[in-house]
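Colleague: Here you go, this is model_17.txt (compact mmCIF, C-alpha atoms).
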# COMPACT_ATOMS: atom_id res chain seq x y z
CA MET L 1 31.94 61.96 -19.49
CA THR L 2 29.91 59.35 -21.33
CA THR L 3 29.11 55.87 -20.07
CA HIS L 4 31.55 54.64 -22.70
CA ASP L 5 34.37 56.67 -21.12
CA ALA L 6 33.38 55.57 -17.64
CA ILE L 7 33.54 51.92 -18.73
CA GLU L 8 36.90 52.45 -20.39
CA GLN L 9 38.34 54.04 -17.27
CA THR L 10 37.23 51.10 -15.15
CA ILE L 11 39.01 48.42 -17.19
CA PRO L 12 42.42 48.64 -15.43
CA SER L 13 40.90 48.18 -11.98
CA LEU L 14 38.68 45.35 -13.26
CA ARG L 15 41.87 43.62 -14.37
CA ARG L 16 43.37 44.13 -10.95
CA PHE L 17 40.33 42.67 -9.21
CA ALA L 18 40.16 39.72 -11.61
CA ARG L 19 43.86 39.01 -11.11
CA ALA L 20 43.52 39.02 -7.36
CA LEU L 21 40.47 36.78 -7.56
CA LEU L 22 41.84 34.31 -10.08
CA GLY L 23 45.58 34.40 -10.00
CA THR L 24 46.74 33.97 -13.55
CA ALA L 25 46.90 36.91 -15.91
CA GLN L 26 45.37 35.11 -18.88
CA ASP L 27 42.37 33.78 -16.96
CA ALA L 28 41.88 37.20 -15.43
CA ASP L 29 41.91 39.00 -18.76
CA ASP L 30 39.53 36.43 -20.23
CA LEU L 31 37.18 37.06 -17.34
CA VAL L 32 37.40 40.84 -17.79
CA HIS L 33 36.74 40.43 -21.50
CA ASP L 34 33.67 38.24 -21.00
CA ALA L 35 32.31 40.53 -18.30
CA LEU L 36 32.69 43.62 -20.48
CA VAL L 37 31.05 41.94 -23.45
CA ASP L 38 28.17 41.02 -21.11
CA ALA L 39 28.00 44.63 -19.96
CA LEU L 40 28.08 46.16 -23.43
CA ALA L 41 25.42 43.79 -24.69
CA ARG L 42 23.10 45.14 -22.03
CA PRO L 43 23.40 48.89 -22.15
CA ARG L 44 21.89 50.47 -19.08
CA LEU L 45 20.47 53.89 -19.45
CA GLY L 46 20.53 56.85 -17.20
CA MET L 47 23.39 55.48 -15.22
CA ALA L 48 25.39 58.14 -13.47
CA ASP L 49 29.12 57.87 -14.06
CA GLN L 50 29.76 56.83 -10.48
CA GLN L 51 27.34 53.91 -10.88
CA VAL L 52 29.26 52.45 -13.79
CA ARG L 53 32.15 51.09 -11.75
CA PRO L 54 30.06 49.13 -9.18
CA TRP L 55 27.85 47.87 -12.02
CA LEU L 56 30.85 46.50 -13.94
CA PHE L 57 32.41 44.95 -10.85
CA ALA L 58 29.12 43.22 -10.07
CA ILE L 59 28.92 41.84 -13.62
CA LEU L 60 32.50 40.61 -13.45
CA ARG L 61 31.97 38.96 -10.10
CA ASN L 62 28.77 37.25 -11.25
CA ARG L 63 30.52 36.04 -14.34
CA PHE L 64 33.38 34.74 -12.17
CA LEU L 65 30.94 32.78 -10.00
CA SER L 66 29.04 31.30 -12.93
CA ASP L 67 32.26 30.31 -14.73
CA ARG L 68 33.42 28.73 -11.52
CA ARG L 69 30.21 26.78 -11.05
CA ARG L 70 30.38 25.58 -14.63
CA ALA L 71 34.00 24.53 -14.21
CA LYS L 72 33.18 22.66 -11.00
CA HIS L 73 30.25 21.02 -12.66
CA ARG L 74 32.47 19.79 -15.44
CA ALA L 75 34.93 18.65 -12.80
CA THR L 76 37.99 19.70 -14.71
CA THR L 77 40.97 21.19 -12.94
CA PRO L 78 40.19 22.01 -9.34
CA LEU L 79 40.21 25.79 -9.31
CA ASP L 80 41.73 26.24 -5.92
CA ASP L 81 44.87 24.39 -6.90
CA SER L 82 45.34 25.98 -10.27
CA GLY L 83 47.68 28.66 -9.09
CA GLY L 84 45.08 30.61 -7.19
CA PRO L 85 45.49 34.23 -6.37
CA ALA L 86 48.96 33.61 -5.02
CA ALA L 87 50.44 34.31 -8.40
CA ALA L 88 48.54 37.57 -8.69
CA VAL L 89 50.55 39.60 -6.28
CA ARG L 90 54.08 40.28 -7.28
CA PRO L 91 56.33 40.64 -4.28
CA GLY L 92 57.56 44.20 -4.21
CA GLN L 93 61.27 44.77 -3.83
CA GLU L 94 61.03 45.78 -0.19
CA ALA L 95 57.97 43.76 0.68
CA GLY L 96 59.79 40.45 0.52
CA LEU L 97 58.75 37.53 2.59
CA GLN L 98 55.86 39.17 4.35
CA MET L 99 54.30 40.03 1.01
CA ARG L 100 54.66 36.44 -0.04
CA ASP L 101 52.91 35.28 3.10
CA LEU L 102 50.13 37.75 2.47
CA THR L 103 49.51 36.43 -1.02
CA ILE L 104 49.40 32.88 0.26
CA GLY L 105 47.04 34.01 2.99
CA LEU L 106 44.82 35.73 0.44
CA ALA L 107 44.72 32.57 -1.66
CA GLY L 108 43.70 30.65 1.44
CA LEU L 109 40.62 32.78 2.07
CA PRO L 110 37.27 31.43 0.90
CA VAL L 111 36.15 33.27 -2.23
CA GLU L 112 33.25 34.97 -0.47
CA GLN L 113 35.66 36.53 2.02
CA ARG L 114 38.40 37.24 -0.50
CA GLU L 115 36.13 39.18 -2.83
CA ILE L 116 34.85 41.42 -0.05
CA LEU L 117 38.31 42.10 1.33
CA LEU L 118 39.50 43.09 -2.14
CA LEU L 119 36.49 45.22 -2.98
CA VAL L 120 36.80 47.17 0.26
CA THR L 121 40.53 47.49 0.75
CA VAL L 122 41.98 47.49 -2.76
CA GLU L 123 39.09 48.78 -4.86
CA GLY L 124 37.87 51.26 -2.27
CA PHE L 125 34.13 50.52 -2.46
CA THR L 126 31.97 51.51 0.48
CA TYR L 127 30.35 48.76 2.54
CA ALA L 128 26.95 49.75 1.19
CA GLU L 129 28.20 49.57 -2.39
CA VAL L 130 29.65 46.12 -1.79
CA ALA L 131 26.39 44.95 -0.20
CA ALA L 132 24.40 46.21 -3.19
CA MET L 133 26.89 44.79 -5.66
CA LEU L 134 26.89 41.32 -4.14
CA ASP L 135 23.21 41.45 -3.21
CA LEU L 136 23.98 40.73 0.43
CA PRO L 137 22.75 42.31 3.66
CA LEU L 138 25.20 44.86 5.04
CA GLY L 139 25.66 42.75 8.17
CA THR L 140 26.84 39.80 6.09
CA VAL L 141 29.34 42.00 4.29
CA MET L 142 30.71 43.27 7.59
CA SER L 143 31.00 39.85 9.17
CA ARG L 144 32.74 38.42 6.10
CA LEU L 145 35.09 41.38 6.01
CA SER L 146 35.85 40.83 9.67
CA ARG L 147 36.50 37.14 9.17
CA ALA L 148 38.69 37.81 6.16
CA ARG L 149 40.81 40.35 8.00
CA ASP L 150 41.19 38.28 11.14
CA ARG L 151 41.91 35.14 9.21
CA LEU L 152 44.61 36.91 7.28
CA ASN L 153 45.98 38.30 10.55
CA ASP L 154 46.05 34.86 12.11
CA PHE L 155 47.80 33.55 9.10
CA MET L 156 50.39 36.32 9.18
CA ASP L 157 50.93 35.77 12.89
CA GLY L 158 51.58 32.14 12.20
CA THR L 159 48.75 30.95 14.41
CA THR L 160 47.19 28.90 11.68
CA ARG L 161 50.06 29.10 9.26
CA PRO L 162 50.27 26.00 7.14
CA ARG L 163 53.55 24.79 5.77
CA LEU L 164 54.76 27.42 3.34
CA ARG L 165 54.13 26.54 -0.23
CA SER L 166 56.62 27.90 -2.64
CA VAL L 167 55.35 30.61 -4.90
CA SER L 168 57.03 30.80 -8.21
CA MET U 1 33.23 57.97 26.98
CA THR U 2 29.88 59.29 28.09
CA GLN U 3 27.05 57.05 29.16
CA ASN U 4 25.15 57.72 25.98
CA THR U 5 27.90 56.56 23.67
CA PRO U 6 26.95 53.36 21.89
CA PRO U 7 29.45 50.58 22.61
CA ILE U 8 32.34 50.06 20.22
CA THR U 9 31.60 47.32 17.71
CA ASP U 10 33.66 45.41 15.20
CA ASP U 11 31.96 47.46 12.51
CA ASP U 12 33.38 50.60 14.13
CA LEU U 13 36.88 49.16 13.97
CA HIS U 14 36.55 48.37 10.28
CA ALA U 15 35.08 51.77 9.54
CA TYR U 16 37.95 53.31 11.52
CA VAL U 17 40.58 51.50 9.46
CA ASP U 18 38.74 52.28 6.24
CA GLY U 19 38.46 55.93 7.20
CA VAL U 20 34.69 56.17 6.93
CA LEU U 21 33.76 57.11 10.49
CA GLY U 22 32.49 60.56 11.26
CA PRO U 23 35.00 62.71 13.17
CA GLU U 24 33.15 62.36 16.45
CA ARG U 25 32.92 58.59 16.38
CA GLU U 26 36.47 58.38 15.09
CA ALA U 27 37.75 60.20 18.16
CA ILE U 28 35.82 57.81 20.42
CA VAL U 29 37.23 54.75 18.64
CA ALA U 30 40.76 56.20 18.77
CA ALA U 31 40.40 56.70 22.53
CA TYR U 32 39.13 53.14 22.90
CA LEU U 33 42.06 51.75 20.92
CA ALA U 34 44.53 53.68 23.04
CA GLN U 35 43.22 51.75 26.03
CA HIS U 36 42.99 48.37 24.32
CA PRO U 37 46.36 47.39 22.90
CA GLY U 38 45.10 43.99 21.73
CA GLN U 39 42.42 45.56 19.53
CA ASN U 40 44.89 48.21 18.45
CA ARG U 41 47.30 45.53 17.26
CA ARG U 42 44.46 43.87 15.42
CA ILE U 43 43.54 46.98 13.45
CA GLU U 44 47.19 47.83 12.81
CA ASN U 45 47.47 44.43 11.14
CA TRP U 46 44.40 45.14 9.06
CA ARG U 47 46.03 48.37 7.94
CA ARG U 48 49.22 46.60 7.04
CA GLN U 49 47.34 43.97 5.02
CA ARG U 50 45.55 46.66 3.14
CA ASP U 51 48.70 48.62 2.34
CA GLN U 52 50.51 45.49 1.21
CA LEU U 53 47.64 44.29 -0.96
CA ARG U 54 47.37 47.69 -2.60
CA ALA U 55 51.10 47.89 -3.18
CA GLY U 56 51.32 44.34 -4.48
CA LEU U 57 48.48 44.82 -6.95
CA ALA U 58 49.32 48.36 -8.01
CA GLY U 59 51.42 47.25 -10.96
CA ILE U 60 48.46 45.71 -12.78
CA VAL U 61 46.58 48.97 -13.28
CA GLU U 62 49.69 50.55 -14.79
CA GLN U 63 50.08 47.86 -17.44
CA PRO U 64 49.00 48.68 -20.99
CA LEU U 65 45.71 47.02 -21.95
CA PRO U 66 45.92 44.01 -24.27
CA PRO U 67 44.17 44.61 -27.63
CA GLU U 68 41.19 42.40 -26.75
CA LEU U 69 40.37 44.68 -23.83
CA THR U 70 40.10 47.88 -25.85
CA MET U 71 36.66 49.40 -26.21
CA ALA U 72 36.60 49.04 -29.99
CA HIS U 73 37.31 45.33 -29.80
CA LEU U 74 34.83 44.79 -26.97
CA ALA U 75 32.09 46.72 -28.73
CA SER U 76 32.40 44.60 -31.85
CA ALA U 77 32.41 41.37 -29.82
CA SER U 78 29.29 42.54 -28.06
CA ARG U 79 27.58 43.62 -31.29
CA GLN U 80 28.18 40.19 -32.76
CA ARG U 81 26.52 38.62 -29.79
CA ARG U 82 23.52 40.93 -30.03
CA PHE U 83 23.06 40.42 -33.75
CA GLY U 84 23.29 36.70 -33.23
CA TRP U 85 20.35 36.97 -30.88
CA ILE U 86 18.28 39.12 -33.21
CA ALA U 87 19.00 36.80 -36.13
CA ASN U 88 17.81 33.86 -34.06
CA HIS U 89 14.55 35.55 -33.29
CA GLY U 90 13.74 36.66 -36.77
CA ARG U 91 13.91 39.97 -38.50
CA ALA U 92 10.28 40.76 -37.82
CA ALA U 93 10.97 40.87 -34.13
CA ALA U 94 13.19 43.85 -34.65
CA LEU U 95 10.19 45.97 -35.43
CA VAL U 96 8.57 45.56 -32.06
CA LEU U 97 8.78 48.67 -29.97
CA LEU U 98 8.04 48.98 -26.34
CA ALA U 99 6.76 52.16 -24.83
CA PHE U 100 7.41 52.70 -21.16
CA GLY U 101 5.83 55.29 -18.95
CA ILE U 102 4.70 57.44 -21.80
CA GLY U 103 1.32 56.01 -22.62
CA ALA U 104 0.29 55.77 -19.03
CA SER U 105 1.09 59.32 -18.09
CA SER U 106 0.15 61.22 -21.21
CA GLY U 107 -2.12 59.02 -23.22
CA TRP U 108 -0.47 60.52 -26.23
CA PHE U 109 1.90 57.84 -27.28
CA GLY U 110 -0.78 55.20 -27.28
CA ARG U 111 -2.82 57.16 -29.79
CA ALA U 112 0.13 58.01 -31.99
CA ASP U 113 0.88 54.31 -32.02
CA LEU U 114 4.35 54.50 -33.45
CA GLY U 115 4.69 50.82 -32.76
CA ALA U 116 2.06 50.05 -35.33
CA HIS U 117 4.51 48.62 -37.86
CA ARG U 118 3.17 45.24 -37.17
CA GLU U 119 3.85 43.62 -40.47
CA PRO U 120 5.01 40.10 -39.61
CA ALA U 121 5.86 40.86 -36.00
CA ALA U 122 5.86 38.28 -33.27
CA THR U 123 2.55 37.97 -31.45
CA GLY U 124 1.27 36.54 -28.21
CA ILE U 125 3.76 35.15 -25.75
CA ALA U 126 6.59 35.36 -28.30
CA ALA U 127 6.14 39.12 -28.49
CA LEU U 128 5.95 39.36 -24.72
CA LYS U 129 9.26 37.51 -24.39
CA LEU U 130 10.97 39.78 -26.88
CA GLU U 131 9.64 42.88 -25.21
CA THR U 132 10.72 41.69 -21.80
CA ARG U 133 14.14 40.89 -23.12
CA ALA U 134 14.41 44.37 -24.62
CA ALA U 135 13.31 46.02 -21.40
CA TYR U 136 15.58 43.87 -19.27
CA ARG U 137 18.58 44.99 -21.24
CA ILE U 138 17.81 48.58 -20.47
CA PHE U 139 15.91 49.16 -17.27
CA THR U 140 17.47 48.86 -13.82
CA PRO U 141 16.38 50.07 -10.42
CA THR U 142 18.64 53.06 -11.02
CA THR U 143 17.16 54.06 -14.35
CA PRO U 144 15.53 57.39 -13.67
CA THR U 145 11.84 57.62 -14.48
CA ARG U 146 12.48 60.79 -16.39
CA ALA U 147 15.49 61.07 -18.67
CA THR U 148 17.74 64.09 -18.95
CA ALA U 149 19.62 65.44 -21.94
CA PRO U 150 22.86 63.58 -20.99
CA ASP U 151 20.86 60.34 -20.76
CA LEU U 152 19.65 60.99 -24.23
CA ALA U 153 23.21 61.46 -25.41
CA ALA U 154 24.15 58.17 -23.75
CA ALA U 155 21.31 56.39 -25.52
CA VAL U 156 22.34 57.76 -28.86
CA GLY U 157 25.99 57.11 -28.20
CA HIS U 158 27.39 60.48 -29.09
CA ASP U 159 26.95 64.08 -28.13
CA PHE U 160 23.38 64.86 -28.80
CA SER U 161 20.97 67.26 -27.20
CA PRO U 162 17.30 67.73 -27.96
CA PRO U 163 17.04 69.88 -31.09
CA ASP U 164 15.88 73.40 -30.46
CA LEU U 165 12.47 73.77 -32.11
CA THR U 166 11.45 77.06 -30.52
CA ALA U 167 11.51 78.74 -33.93
CA SER U 168 8.74 76.33 -34.95
CA GLY U 169 6.79 77.01 -31.77
CA TYR U 170 7.74 73.83 -29.93
CA THR U 171 9.49 73.52 -26.59
CA VAL U 172 10.86 70.36 -24.97
CA GLY U 173 8.20 68.88 -22.72
CA ARG U 174 9.90 65.76 -21.49
CA ILE U 175 12.46 63.15 -22.42
CA GLU U 176 11.73 59.47 -21.95
CA TRP U 177 13.33 56.10 -22.44
CA LEU U 178 12.17 53.54 -24.88
CA ALA U 179 13.34 49.95 -24.78
CA THR U 180 13.65 48.66 -28.30
CA LEU U 181 14.99 45.35 -29.53
CA HIS U 182 17.89 47.31 -30.96
CA GLY U 183 18.78 48.88 -27.68
CA PRO U 184 17.85 52.09 -25.96
CA ALA U 185 16.06 54.86 -27.71
CA ALA U 186 15.33 58.33 -26.47
CA VAL U 187 11.98 59.96 -26.99
CA VAL U 188 11.68 63.71 -26.77
CA MET U 189 8.20 65.12 -26.50
CA TYR U 190 7.77 68.69 -27.62
CA ARG U 191 4.82 70.85 -26.74
CA ALA U 192 3.32 73.77 -28.58
CA PRO U 193 0.54 76.08 -27.45
CA ASP U 194 -1.29 75.74 -30.75
CA ALA U 195 -0.78 72.08 -31.62
CA ARG U 196 -0.75 68.59 -30.27
CA PRO U 197 2.60 67.33 -28.94
CA LEU U 198 5.35 66.41 -31.35
CA LEU U 199 7.41 63.34 -30.72
CA LEU U 200 11.03 62.80 -31.71
CA LEU U 201 12.52 59.35 -31.41
CA VAL U 202 16.28 58.90 -31.65
CA ARG U 203 18.36 55.79 -31.42
CA ARG U 204 21.61 54.40 -32.64
CA MET U 205 21.16 52.24 -35.72
CA ASP U 206 22.78 48.85 -35.51
CA VAL U 207 23.23 48.41 -39.22
CA PRO U 208 25.68 50.67 -41.00
CA ALA U 209 23.39 53.06 -42.83
CA HIS U 210 24.45 55.98 -44.92
CA SER U 211 21.25 57.21 -46.47
CA ASP U 212 19.75 60.25 -44.85
CA ARG U 213 16.91 60.42 -47.29
CA MET U 214 13.74 61.22 -45.48
CA SER U 215 10.72 59.00 -45.73
CA GLU U 216 7.20 60.06 -44.95
CA ASP U 217 4.43 57.91 -43.51
CA ARG U 218 0.89 58.69 -42.45
CA HIS U 219 -1.04 56.78 -39.88
CA ASN U 220 -4.37 57.46 -38.20
CA GLY U 221 -4.14 61.20 -38.53
CA HIS U 222 -0.50 61.67 -37.64
CA THR U 223 2.44 62.07 -39.95
CA MET U 224 5.89 60.66 -39.43
CA PHE U 225 9.23 61.51 -41.05
CA THR U 226 12.11 59.09 -40.64
CA TRP U 227 15.76 59.29 -41.62
CA ILE U 228 19.24 58.18 -40.62
CA SER U 229 22.10 60.56 -40.03
CA HIS U 230 25.62 59.45 -39.19
CA GLY U 231 24.40 56.06 -38.02
CA VAL U 232 21.72 57.55 -35.80
CA GLY U 233 18.06 57.02 -36.62
CA PHE U 234 15.58 59.86 -36.20
CA SER U 235 11.85 60.00 -36.51
CA VAL U 236 9.39 62.78 -35.81
CA ALA U 237 5.69 62.24 -35.52
CA ALA U 238 2.87 64.66 -34.88
CA GLU U 239 -0.73 65.36 -35.70
CA VAL U 240 0.09 68.48 -37.67
CA GLU U 241 -0.01 69.51 -41.24
CA PRO U 242 2.54 67.31 -43.09
CA ALA U 243 4.28 70.31 -44.72
CA ARG U 244 4.88 71.87 -41.31
CA LEU U 245 6.27 68.65 -39.89
CA HIS U 246 8.47 68.26 -42.95
CA ARG U 247 10.00 71.69 -42.35
CA ILE U 248 10.67 70.74 -38.72
CA ALA U 249 12.24 67.44 -39.74
CA ASN U 250 14.45 69.24 -42.24
CA ARG U 251 15.58 71.66 -39.57
CA ILE U 252 16.47 68.85 -37.18
CA ARG U 253 18.40 67.05 -39.88
CA ALA U 254 20.25 70.22 -40.88
CA ASP U 255 21.19 70.88 -37.26
CA GLN U 256 22.59 67.37 -36.96
CA HIS U 257 24.66 67.88 -40.09
CA ALA U 258 26.04 71.08 -38.68
CA LEU U 259 27.43 69.23 -35.65
Is it possible to give me this structure as structure tokens?
Modeller:
Amino acid sequence: MTTHDAIEQTIPSLRRFARALLGTAQDADDLVHDALVDALARPRLGMADQQVRPWLFAILRNRFLSDRRRAKHRATTPLDDSGGPAAAVRPGQEAGLQMRDLTIGLAGLPVEQREILLLVTVEGFTYAEVAAMLDLPLGTVMSRLSRARDRLNDFMDGTTRPRLRSVS
Amino acid sequence: MTQNTPPITDDDLHAYVDGVLGPEREAIVAAYLAQHPGQNRRIENWRRQRDQLRAGLAGIVEQPLPPELTMAHLASASRQRRFGWIANHGRAAALVLLAFGIGASSGWFGRADLGAHREPAATGIAALKLETRAAYRIFTPTTPTRATAPDLAAAVGHDFSPPDLTASGYTVGRIEWLATLHGPAAVVMYRAPDARPLLLLVRRMDVPAHSDRMSEDRHNGHTMFTWISHGVGFSVAAEVEPARLHRIANRIRADQHAL
């Protein structure tokens, strides 16, 4: 497999991660596009196939953060109210209300917890990979993961459940 | 639990849910959870979150990719960006080559001085900036110090392995990276018992080129043949008799055509 193939195979899961981070499909695909153009403009040599995926996720996440900073700086639409990740998760047929709560809970997590929860649980990265990707100590990754999971639990249990927003 | 068992931590519980504990530790955590229903409920919730998130997001990876996320489209968007940068920094800059690791370890590359096409190249700090930029695009902590044949193929962008020059008395000595302003290049150094090393440089050309006419240059005692084949640039350089090097270059070019 060439690096080209490895990049190509990663695109669907990059879209998934971007959707869960951002919420709307168009914003997510724009982010994936920009991240991949960044990646292709900086070809990295000697990268083993299994290094390609974490590399691309790291580029996408950095791009997400810098876009976000720029948007905040310009003080346009507040990002957290622009749909958020709530819209990302389609309620499955059997998942129903609980699924809806989960998506609202996910949207309510701070970005630094949300990204780690997604990278570990949905994208299946190891803790060490996530730490390297986000340039964080392993302990920070673990404590953020723990906070994300417990916070989502609390939310699902209704302990800190805010009034339900409607998700269209 | 024995006295020597390290206490259960939150990290253990996460690793348990994520299935990354060793079998021994996993059994210890499972026993702990059996005795601590509160913690057990906690990790069951984590599991449920995970399953629901995966299920809820699964549809996205199945969707067909929009046209702007296909590799062909992305590659051309990225090329435009790169060319924009090169255009901004002047054509001369494109001639600057950066040798990494080769000169220091062999002393050979420095003498061959393939980077000597200095015509109107950037100098001083401007050159340093360009070189750093070129290197930054290519080298990471994970870039191996010594390249392998698949790395070479990745640099060139298609299936390519070091040409077999044993019939000419040369064997592959080592393969190295080169950071150029046009992206990665691979350098293959061949050794021969009776001659100084021969160097082959290969990189993808970023301008569509069709001519595979060979050009010959001589510099400080070494000869160089350069040509482009199927969008890939080749050059061989060695301190050998030009006719001998020409035969070798012809053989390499013929092998590439046969692919």
Colleague: Using all atoms listed in the file, which residues of chain U come within 6 Å of chain L, and what is the closest atom pair for each, with the distance in Å to one decimal? Give it as JSON lines, sorted by chain and residue number.
Modeller:
{"residue": "U:Arg50", "atom": "CA", "partner": "L:Thr121", "partner_atom": "CA", "distance": 5.6}
{"residue": "U:Arg54", "atom": "CA", "partner": "L:Val122", "partner_atom": "CA", "distance": 5.4}
{"residue": "U:Gly56", "atom": "CA", "partner": "L:Val89", "partner_atom": "CA", "distance": 5.1}
{"residue": "U:Leu57", "atom": "CA", "partner": "L:Val89", "partner_atom": "CA", "distance": 5.7}
{"residue": "U:Ile60", "atom": "CA", "partner": "L:Arg16", "partner_atom": "CA", "distance": 5.6}
{"residue": "U:Val61", "atom": "CA", "partner": "L:Pro12", "partner_atom": "CA", "distance": 4.7}
{"residue": "U:Leu74", "atom": "CA", "partner": "L:Val37", "partner_atom": "CA", "distance": 5.9}
{"residue": "U:Ser78", "atom": "CA", "partner": "L:Val37", "partner_atom": "CA", "distance": 5.0}
{"residue": "U:Arg137", "atom": "CA", "partner": "L:Arg42", "partner_atom": "CA", "distance": 4.6}
{"residue": "U:Ile138", "atom": "CA", "partner": "L:Arg44", "partner_atom": "CA", "distance": 4.7}
{"residue": "U:Thr143", "atom": "CA", "partner": "L:Gly46", "partner_atom": "CA", "distance": 5.2}
{"residue": "U:Asp151", "atom": "CA", "partner": "L:Gly46", "partner_atom": "CA", "distance": 5.0}
Colleague: Atoms to include: C-alpha atoms. Write the selected residues as a PDB file, keeping the file's coordinate frame.
Modeller:
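Final output, saved to selection-v2.pdb:
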ATOM      1  CA  ARG U  50      45.550  46.660   3.140  1.00  0.00           C
ATOM      2  CA  ARG U  54      47.370  47.690  -2.600  1.00  0.00           C
ATOM      3  CA  GLY U  56      51.320  44.340  -4.480  1.00  0.00           C
ATOM      4  CA  LEU U  57      48.480  44.820  -6.950  1.00  0.00           C
ATOM      5  CA  ILE U  60      48.460  45.710 -12.780  1.00  0.00           C
ATOM      6  CA  VAL U  61      46.580  48.970 -13.280  1.00  0.00           C
ATOM      7  CA  LEU U  74      34.830  44.790 -26.970  1.00  0.00           C
ATOM      8  CA  SER U  78      29.290  42.540 -28.060  1.00  0.00           C
ATOM      9  CA  ARG U 137      18.580  44.990 -21.240  1.00  0.00           C
ATOM     10  CA  ILE U 138      17.810  48.580 -20.470  1.00  0.00           C
ATOM     11  CA  THR U 143      17.160  54.060 -14.350  1.00  0.00           C
ATOM     12  CA  ASP U 151      20.860  60.340 -20.760  1.00  0.00           C
TER      13      ASP U 151
END
Colleague: Neighbours of Leu13 in chain U within 9 Å (all atoms listed in the file; same-chain residues fewer than 4 positions away dropped), as a PyMOL selection string?
Modeller: chain U and resi 8-9+17-18+29+39+43
Colleague: Once you have the residues from the selection above, write them out as a short mmCIF file (atom, residue, chain, number, x, y, z; two decimals), in the coordinates of the input, restricted to C-alpha atoms.
Modeller:
data_model
loop_
_atom_site.label_atom_id
_atom_site.label_comp_id
_atom_site.auth_asym_id
_atom_site.auth_seq_id
_atom_site.Cartn_x
_atom_site.Cartn_y
_atom_site.Cartn_z
CA ILE U 8 32.34 50.06 20.22
CA THR U 9 31.60 47.32 17.71
CA VAL U 17 40.58 51.50 9.46
CA ASP U 18 38.74 52.28 6.24
CA VAL U 29 37.23 54.75 18.64
CA GLN U 39 42.42 45.56 19.53
CA ILE U 43 43.54 46.98 13.45
#
Colleague: Could you tell me how far CA of Arg68 in chain L lies from CA of Ala75 in chain U, in Å and to one decimal?
Modeller: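 Going from CA of Arg68 in chain L over to CA of Ala75 in chain U covers 24.9 Å.
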Colleague: Mind giving me the straight-line distance from CA of Met214 in chain U to CA of Ala134 in chain U in Å, one decimal?
Modeller: 26.8 Å
Colleague: Measure the distance from CA of Pro6 in chain U to CA of Leu21 in chain U in Å and round it to one decimal.
Modeller: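 For CA of Pro6 in chain U relative to CA of Leu21 in chain U, the distance reads 13.8 Å.
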Colleague: As lines of an AutoDock Vina configuration file, please report the centre and edge lengths, rounded to one decimal in Å, of the axis-aligned box that holds all listed atoms of range 13-16 of chain U with 3 Å of padding on each of the six sides.
Modeller:
center_x = 36.5
center_y = 50.8
center_z = 11.8
size_x = 8.9
size_y = 10.9
size_z = 10.4
Colleague: Skipping near chain neighbours, those fewer than 6 positions away, what residues fall within 10 Å of Arg251 in chain U using all atoms listed in the file, listed as a PyMOL selection string?
Modeller: chain U and resi 163-165+167-168+245+257
Colleague: Output C-alpha atoms of each residue in that selection to a file, as an mmCIF file, in the frame of the given file.
Modeller:
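What follows is the written file again09.cif:
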data_model
loop_
_atom_site.group_PDB
_atom_site.id
_atom_site.type_symbol
_atom_site.label_atom_id
_atom_site.label_comp_id
_atom_site.auth_asym_id
_atom_site.auth_seq_id
_atom_site.Cartn_x
_atom_site.Cartn_y
_atom_site.Cartn_z
ATOM 1 C CA PRO U 163 17.040 69.880 -31.090
ATOM 2 C CA ASP U 164 15.880 73.400 -30.460
ATOM 3 C CA LEU U 165 12.470 73.770 -32.110
ATOM 4 C CA ALA U 167 11.510 78.740 -33.930
ATOM 5 C CA SER U 168 8.740 76.330 -34.950
ATOM 6 C CA LEU U 245 6.270 68.650 -39.890
ATOM 7 C CA HIS U 257 24.660 67.880 -40.090
#
Colleague: Would you please work out which residue, of U:Leu181, U:Thr70, U:Arg213, U:Tyr16, is nearest to Glu44 in chain U when using only C-alpha atoms?
Modeller: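 The closest residue to Glu44 in chain U is U:Tyr16.
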Colleague: Which residue gives the smallest distance to Arg147 in chain L among L:Val52, L:Ala132, L:Ile59, L:Ile116, with all atoms listed in the file counted?
Modeller: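 Nearest candidate to Arg147 in chain L out of L:Val52, L:Ala132, L:Ile59, L:Ile116: L:Ile116.
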Colleague: At a cut-off of 7 Å, using all atoms listed in the file, what residues contact Ser235 in chain U? Leave out same-chain residues fewer than 2 positions from it and give the result as a PyMOL selection string.
Modeller: chain U and resi 200-202+224-227+233+237
Colleague: Counting only C-alpha atoms, figure out which residue out of L:Leu21, L:Asp67, L:Val130, L:Asp49 gets nearest to Pro110 in chain L.
Modeller: L:Leu21
Colleague: Counting all atoms listed in the file, which residue out of L:Arg151, L:Ala18, L:Arg144, L:Gln26 sits closest to Gly105 in chain L?
Modeller: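 When distances to Gly105 in chain L are compared using all atoms listed in the file, the smallest one comes from L:Arg151.
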